[in-house]
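J.: Below is a structure I'd like to ask you about.
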Amino acid sequence: MFDSLDISGSGLSVHRRWMDAVSDNIANINTVSSSDGEAFKERMVVAQAVDYGSGEGGVRIAGAEFGSGEGRLVHEPDHPLADDEGYVRYPDIDLGDQMTQLMMAQRGYQANLASVERATTAYQAALQLGKG
Amino acid sequence: MIGDVTTTTLHAALAGLAQRSRVTADNIANVQTPGFLAGRTDFESSLRTELRQGKAPTVSGGSIARSLEPTREDGNNVNLDSETVIATETGLRYQLALNALDGKYGLLRSALRTA
């Protein structure tokens with residue numbers, strides 16, 4: 001019945017999840033692990049068009065991809081997790097890249113929100129039909 | 001009388017415009033989806049043909065084709081500027097068709113009252 005709202009809603013949800021993933025990456029940008037373990041892995045959401053080709057469907061999260069757990073070794077001998085040579089492992093996440101993604105997700109979210117408002121106006125006008 | 005050509009034509013236009021706004025919402029929802037090609041709705045050409053042939057239009061919502069515009073690096077060709085323009089224009093045309101239909105119904109109502 002109100003398909004446009006569902007479609008824009010799916011767009012909102014995907015961009016929201018993307019923002020969540022980016023927030024998680026930024027929150028863990030300084031998460032230290034020991035040099036024999038894996039560093040925090042960057043999370044990337046994979047968007048997929050629903051029912052592509054039919055023209056009505058929207059978008060969904062198809063899954064998540066993870067970045068490399070290799071990270072980078074930093075010499076911090078005083079750190080409790082430091083190995084015998086004084087190294088710990090930091091995740092190799094680029095803050096500039098994350099901020100760019102955050103902006104893209106935010107703008108996509110706003111575009112979908114504008115769609116919701118437009119659809120609401122049209123549906124409201126349709127509901128007034130025959131009242132005059 | 002109530003389901004005459006004017007009403008059916010406006011109904012077909014409303015169905016087509018509603019379809020176009022759905023497709024535009026889908027395009028905007030997939031603005032960042034890799035490999036997605038924007039959808040384009042056409043109901044005007046078939047509506048015009050049917051009216052020209054003197055037939056009562058079919059209310060279908062039109063046909064959807066994929067845009068052949070050049071894609072970005074990720075294989076997506078949704079352009080947020082043009083989608084916004086299409087969405088706004090479609091919304092206004094939807095209201096226009098609704099007003100026309102409302103006027104038609106108003107006419108019928110006053111005819112029923114005087115009878």
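The way I read the labels, and the way they are meant: chains A, B, ... in the order of the structure tokens, residue 1 as the first residue of every chain, and ligand 1 as the first ligand shown, with later ones counted on from there.
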Per residue of chain B within 9 Å of chain A, what are the shortest atom pair and its distance in Å to one decimal, counting only C-alpha atoms, with rows by chain and residue number, as a tab-separated table?
T.:
residue	atom	partner	partner_atom	distance
B:Ala18	CA	A:Ser4	CA	8.5
B:Gln19	CA	A:Glu56	CA	8.5
B:Ser21	CA	A:Ser4	CA	6.9
B:Arg22	CA	A:Ser4	CA	4.8
B:Val23	CA	A:Gly55	CA	5.6
B:Thr24	CA	A:Ser115	CA	8.5
B:Ala25	CA	A:Ser8	CA	5.7
B:Asp26	CA	A:Gly58	CA	4.9
B:Asn27	CA	A:Gly58	CA	7.8
B:Ile28	CA	A:Asn112	CA	6.3
B:Ala29	CA	A:Gly11	CA	4.1
B:Asn30	CA	A:Val59	CA	5.9
B:Val31	CA	A:Gly108	CA	7.0
B:Gln32	CA	A:Gly108	CA	7.5
B:Thr33	CA	A:Ala47	CA	5.4
B:Pro34	CA	A:Ala47	CA	7.4
B:Gly35	CA	A:Gln48	CA	8.9
B:Phe36	CA	A:Ala49	CA	7.0
B:Leu37	CA	A:Gly53	CA	9.0
B:Ala38	CA	A:Gly55	CA	8.9
B:Gly39	CA	A:Gly55	CA	6.3
B:Arg40	CA	A:Gly55	CA	8.5
B:Thr41	CA	A:Gly55	CA	8.8
B:Ile64	CA	A:Gly55	CA	6.5
B:Ala65	CA	A:Gly53	CA	8.4
B:Arg66	CA	A:Gly53	CA	7.9
B:Leu80	CA	A:Ala111	CA	8.0
B:Thr84	CA	A:Ser115	CA	8.4
B:Ala87	CA	A:Arg118	CA	7.6
B:Thr88	CA	A:Arg118	CA	7.5
B:Gly91	CA	A:Ala122	CA	6.1
B:Leu92	CA	A:Ala122	CA	8.4
B:Tyr94	CA	A:Ala122	CA	7.0
B:Gln95	CA	A:Ala125	CA	6.7
B:Leu98	CA	A:Ala126	CA	6.7
B:Asn99	CA	A:Leu129	CA	8.0
B:Leu101	CA	A:Leu129	CA	7.9
B:Asp102	CA	A:Gly130	CA	5.9
B:Gly103	CA	A:Gly132	CA	8.6
B:Tyr105	CA	A:Gly130	CA	6.7
B:Gly106	CA	A:Gly132	CA	7.1
J.: If we count only C-alpha atoms and set the cut-off at 6 Å, which residues sit around range 64-66 of chain A, ignoring sequence neighbours fewer than 3 positions away in its own chain? Please answer as an mmCIF file with N, CA and C atoms, in the first residue's frame.
T.:
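Generated file (around.cif):
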data_model
loop_
_atom_site.group_PDB
_atom_site.id
_atom_site.type_symbol
_atom_site.label_atom_id
_atom_site.label_comp_id
_atom_site.auth_asym_id
_atom_site.auth_seq_id
_atom_site.Cartn_x
_atom_site.Cartn_y
_atom_site.Cartn_z
ATOM 1 N N LYS A 41 39.619 -5.698 13.446
ATOM 2 C CA LYS A 41 39.411 -5.653 11.990
ATOM 3 C C LYS A 41 38.334 -4.642 11.638
ATOM 4 N N GLU A 42 38.627 -3.824 10.653
ATOM 5 C CA GLU A 42 37.666 -2.837 10.159
ATOM 6 C C GLU A 42 36.448 -3.558 9.587
ATOM 7 N N ARG A 43 35.237 -3.073 9.938
ATOM 8 C CA ARG A 43 34.019 -3.701 9.435
ATOM 9 C C ARG A 43 33.447 -2.863 8.299
ATOM 10 N N MET A 44 33.078 -3.534 7.196
ATOM 11 C CA MET A 44 32.502 -2.837 6.033
ATOM 12 C C MET A 44 31.198 -3.519 5.669
ATOM 13 N N VAL A 45 30.102 -2.756 5.625
ATOM 14 C CA VAL A 45 28.819 -3.361 5.262
ATOM 15 C C VAL A 45 28.720 -3.469 3.741
ATOM 16 N N VAL A 46 28.038 -4.504 3.272
ATOM 17 C CA VAL A 46 27.844 -4.700 1.837
ATOM 18 C C VAL A 46 26.368 -4.477 1.520
#
J.: I'd like the neighbourhood of Glu70 in chain A as a CSV table (one decimal) with C-alpha atoms, in the first residue's frame, where a residue qualifies if any of its atoms comes within 8 Å (using only C-alpha atoms), though same-chain residues fewer than 6 positions away should be ignored.
T.:
chain,number,residue,atom,x,y,z
A,38,GLU,CA,45.1,-10.2,15.5
A,39,ALA,CA,44.4,-6.5,15.5
A,91,PRO,CA,44.6,-1.8,13.9
A,92,ASP,CA,45.5,-0.3,10.6
J.: List every residue of range 42-100 of chain A that DSSP, applied to the backbone of this structure, assigns to alpha helix (DSSP H), and report them as a list of chain:residue names.
T.: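 Of range 42-100 of chain A, the ones in alpha helix (DSSP H) are A:Leu95, A:Gly96, A:Asp97, A:Gln98, A:Met99, A:Thr100.
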J.: Taking the backbone alone, and naming residues the way the document does, which bits of range 5-132 of chain A are strand (DSSP E or B) by DSSP, as a ChimeraX atom specification?
T.: /A:33-34,43-49,59-66,72-75,87-90
J.: Using only C-alpha atoms, which protein or nucleic acid residues come within 12 Å of Ser34 in chain A? Drop anything in the same chain fewer than 2 positions from it, and give the result as an mmCIF file with N, CA and C atoms, in the first residue's frame.
T.:
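As a result, result-v7.cif now contains:
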data_model
loop_
_atom_site.group_PDB
_atom_site.id
_atom_site.type_symbol
_atom_site.label_atom_id
_atom_site.label_comp_id
_atom_site.auth_asym_id
_atom_site.auth_seq_id
_atom_site.Cartn_x
_atom_site.Cartn_y
_atom_site.Cartn_z
ATOM 1 N N THR A 31 42.330 0.449 19.658
ATOM 2 C CA THR A 31 42.243 -0.780 20.441
ATOM 3 C C THR A 31 43.509 -1.622 20.230
ATOM 4 N N VAL A 32 44.214 -1.842 21.322
ATOM 5 C CA VAL A 32 45.518 -2.513 21.246
ATOM 6 C C VAL A 32 45.339 -4.006 21.486
ATOM 7 N N ASP A 36 51.110 -11.267 19.180
ATOM 8 C CA ASP A 36 50.850 -12.605 18.626
ATOM 9 C C ASP A 36 49.376 -12.804 18.271
ATOM 10 N N GLY A 37 48.511 -11.810 18.615
ATOM 11 C CA GLY A 37 47.092 -11.913 18.252
ATOM 12 C C GLY A 37 46.776 -11.053 17.040
ATOM 13 N N GLU A 38 45.478 -11.005 16.687
ATOM 14 C CA GLU A 38 45.061 -10.188 15.545
ATOM 15 C C GLU A 38 44.615 -8.813 16.016
ATOM 16 N N ALA A 39 44.850 -7.821 15.193
ATOM 17 C CA ALA A 39 44.381 -6.472 15.511
ATOM 18 C C ALA A 39 42.880 -6.391 15.256
ATOM 19 N N PHE A 40 42.220 -5.354 15.776
ATOM 20 C CA PHE A 40 40.799 -5.125 15.491
ATOM 21 C C PHE A 40 40.616 -4.982 13.991
ATOM 22 N N GLY A 69 43.468 -8.210 9.676
ATOM 23 C CA GLY A 69 43.752 -8.227 11.110
ATOM 24 C C GLY A 69 45.231 -8.044 11.393
ATOM 25 N N GLU A 70 45.976 -7.761 10.351
ATOM 26 C CA GLU A 70 47.432 -7.660 10.510
ATOM 27 C C GLU A 70 47.813 -6.413 11.299
ATOM 28 N N GLY A 71 47.138 -5.285 10.989
ATOM 29 C CA GLY A 71 47.411 -4.053 11.715
ATOM 30 C C GLY A 71 48.848 -3.598 11.564
ATOM 31 N N ARG A 72 49.325 -2.860 12.558
ATOM 32 C CA ARG A 72 50.727 -2.416 12.505
ATOM 33 C C ARG A 72 51.328 -2.582 13.892
ATOM 34 N N LEU A 73 52.602 -2.916 13.925
ATOM 35 C CA LEU A 73 53.297 -3.113 15.201
ATOM 36 C C LEU A 73 53.855 -1.785 15.683
ATOM 37 N N VAL A 74 53.604 -1.492 16.964
ATOM 38 C CA VAL A 74 54.091 -0.240 17.532
ATOM 39 C C VAL A 74 54.951 -0.583 18.754
ATOM 40 N N HIS A 75 56.054 0.109 18.866
ATOM 41 C CA HIS A 75 56.961 -0.157 19.989
ATOM 42 C C HIS A 75 56.489 0.598 21.227
ATOM 43 N N GLU A 76 55.897 -0.138 22.188
ATOM 44 C CA GLU A 76 55.448 0.455 23.458
ATOM 45 C C GLU A 76 55.836 -0.488 24.588
ATOM 46 N N PRO A 77 57.069 -0.427 25.018
ATOM 47 C CA PRO A 77 57.581 -1.417 26.001
ATOM 48 C C PRO A 77 56.846 -1.371 27.344
ATOM 49 N N HIS A 79 53.660 -0.962 27.767
ATOM 50 C CA HIS A 79 52.281 -1.456 27.670
ATOM 51 C C HIS A 79 52.167 -2.852 28.275
ATOM 52 N N PRO A 80 51.085 -3.115 29.057
ATOM 53 C CA PRO A 80 50.953 -4.446 29.672
ATOM 54 C C PRO A 80 50.878 -5.589 28.653
ATOM 55 N N LEU A 81 50.439 -5.310 27.428
ATOM 56 C CA LEU A 81 50.314 -6.370 26.411
ATOM 57 C C LEU A 81 51.580 -6.513 25.560
ATOM 58 N N ALA A 82 52.596 -5.706 25.846
ATOM 59 C CA ALA A 82 53.803 -5.720 25.016
ATOM 60 C C ALA A 82 54.515 -7.068 25.097
ATOM 61 N N ASP A 83 55.066 -7.512 23.960
ATOM 62 C CA ASP A 83 55.815 -8.783 23.948
ATOM 63 C C ASP A 83 57.250 -8.549 24.443
ATOM 64 N N ASP A 84 58.088 -9.573 24.338
ATOM 65 C CA ASP A 84 59.446 -9.500 24.891
ATOM 66 C C ASP A 84 60.261 -8.359 24.290
ATOM 67 N N GLU A 85 59.979 -8.072 23.001
ATOM 68 C CA GLU A 85 60.732 -6.990 22.360
ATOM 69 C C GLU A 85 60.052 -5.629 22.528
ATOM 70 N N GLY A 86 58.902 -5.612 23.212
ATOM 71 C CA GLY A 86 58.224 -4.344 23.493
ATOM 72 C C GLY A 86 57.232 -3.895 22.464
ATOM 73 N N TYR A 87 56.744 -4.833 21.635
ATOM 74 C CA TYR A 87 55.805 -4.439 20.567
ATOM 75 C C TYR A 87 54.355 -4.808 20.910
ATOM 76 N N VAL A 88 53.428 -3.943 20.499
ATOM 77 C CA VAL A 88 51.986 -4.246 20.555
ATOM 78 C C VAL A 88 51.399 -4.019 19.158
ATOM 79 N N ARG A 89 50.177 -4.546 18.962
ATOM 80 C CA ARG A 89 49.564 -4.439 17.634
ATOM 81 C C ARG A 89 48.396 -3.452 17.662
ATOM 82 N N TYR A 90 48.428 -2.503 16.739
ATOM 83 C CA TYR A 90 47.329 -1.528 16.581
ATOM 84 C C TYR A 90 46.587 -1.838 15.282
ATOM 85 N N PRO A 91 45.272 -1.554 15.225
ATOM 86 C CA PRO A 91 44.573 -1.761 13.946
ATOM 87 C C PRO A 91 45.029 -0.745 12.906
#
J.: Skipping near chain neighbours, those fewer than 5 positions away, what residues fall within 9 Å of Ser23 in chain A using only C-alpha atoms, listed as a PyMOL selection string?
T.: chain A and resi 18+28+98+102
J.: Here is a test: counting only C-alpha atoms, which residue of B:Val85, B:Leu112, B:Ala97, B:Ile2 is nearest to Leu17 in chain B?
T.: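 Ranking B:Val85, B:Leu112, B:Ala97, B:Ile2 by distance to Leu17 in chain B, first place goes to B:Ala97.
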J.: Interatomic distance between CA of Gln53 in chain B and CA of Lys104 in chain B?
T.: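 Atom-to-atom, CA of Gln53 in chain B to CA of Lys104 in chain B, that is 23.0 Å.
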J.: At a cut-off of 12 Å, using only C-alpha atoms, what residues contact Ser45 in chain B? Leave out same-chain residues fewer than 3 positions from it and give the result as a CSV table (one decimal) with N, CA and C atoms, in the first residue's frame.
T.:
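Result file part-v1.csv:
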chain,number,residue,atom,x,y,z
B,12,ALA,N,-5.1,6.3,-14.5
B,12,ALA,CA,-3.9,5.8,-15.1
B,12,ALA,C,-2.7,6.7,-14.9
B,13,ALA,N,-2.9,8.0,-14.9
B,13,ALA,CA,-1.8,9.0,-14.7
B,13,ALA,C,-1.4,8.8,-13.2
B,16,GLY,N,0.7,5.7,-12.8
B,16,GLY,CA,2.0,5.8,-13.4
B,16,GLY,C,2.9,6.7,-12.5
B,41,THR,N,10.8,5.2,-15.2
B,41,THR,CA,9.4,4.8,-15.5
B,41,THR,C,8.9,5.5,-16.6
B,42,ASP,N,8.2,4.8,-17.5
B,42,ASP,CA,7.4,5.5,-18.6
B,42,ASP,C,6.0,5.0,-18.7
B,48,ARG,N,-0.6,8.0,-24.1
B,48,ARG,CA,-0.9,8.8,-25.2
B,48,ARG,C,-1.4,8.0,-26.4
B,49,THR,N,-0.7,6.9,-26.7
B,49,THR,CA,-1.1,6.0,-27.8
B,49,THR,C,-2.6,5.6,-27.6
B,50,GLU,N,-2.9,5.1,-26.4
B,50,GLU,CA,-4.3,4.6,-26.2
B,50,GLU,C,-5.3,5.7,-26.4
B,51,LEU,N,-5.0,6.9,-25.9
B,51,LEU,CA,-6.0,8.0,-26.0
B,51,LEU,C,-6.1,8.4,-27.5
B,52,ARG,N,-5.0,8.3,-28.2
B,52,ARG,CA,-5.1,8.7,-29.6
B,52,ARG,C,-5.9,7.7,-30.4
B,57,PRO,N,-8.0,4.1,-21.4
B,57,PRO,CA,-6.6,3.7,-21.0
B,57,PRO,C,-6.6,2.5,-20.0
B,61,GLY,N,0.5,1.4,-14.5
B,61,GLY,CA,1.7,1.9,-13.8
B,61,GLY,C,2.9,2.0,-14.7
B,62,GLY,N,2.7,1.7,-16.0
B,62,GLY,CA,3.8,1.9,-17.0
B,62,GLY,C,4.9,0.8,-16.9
B,63,SER,N,6.0,1.1,-17.7
B,63,SER,CA,7.1,0.1,-17.7
B,63,SER,C,8.3,0.8,-17.1
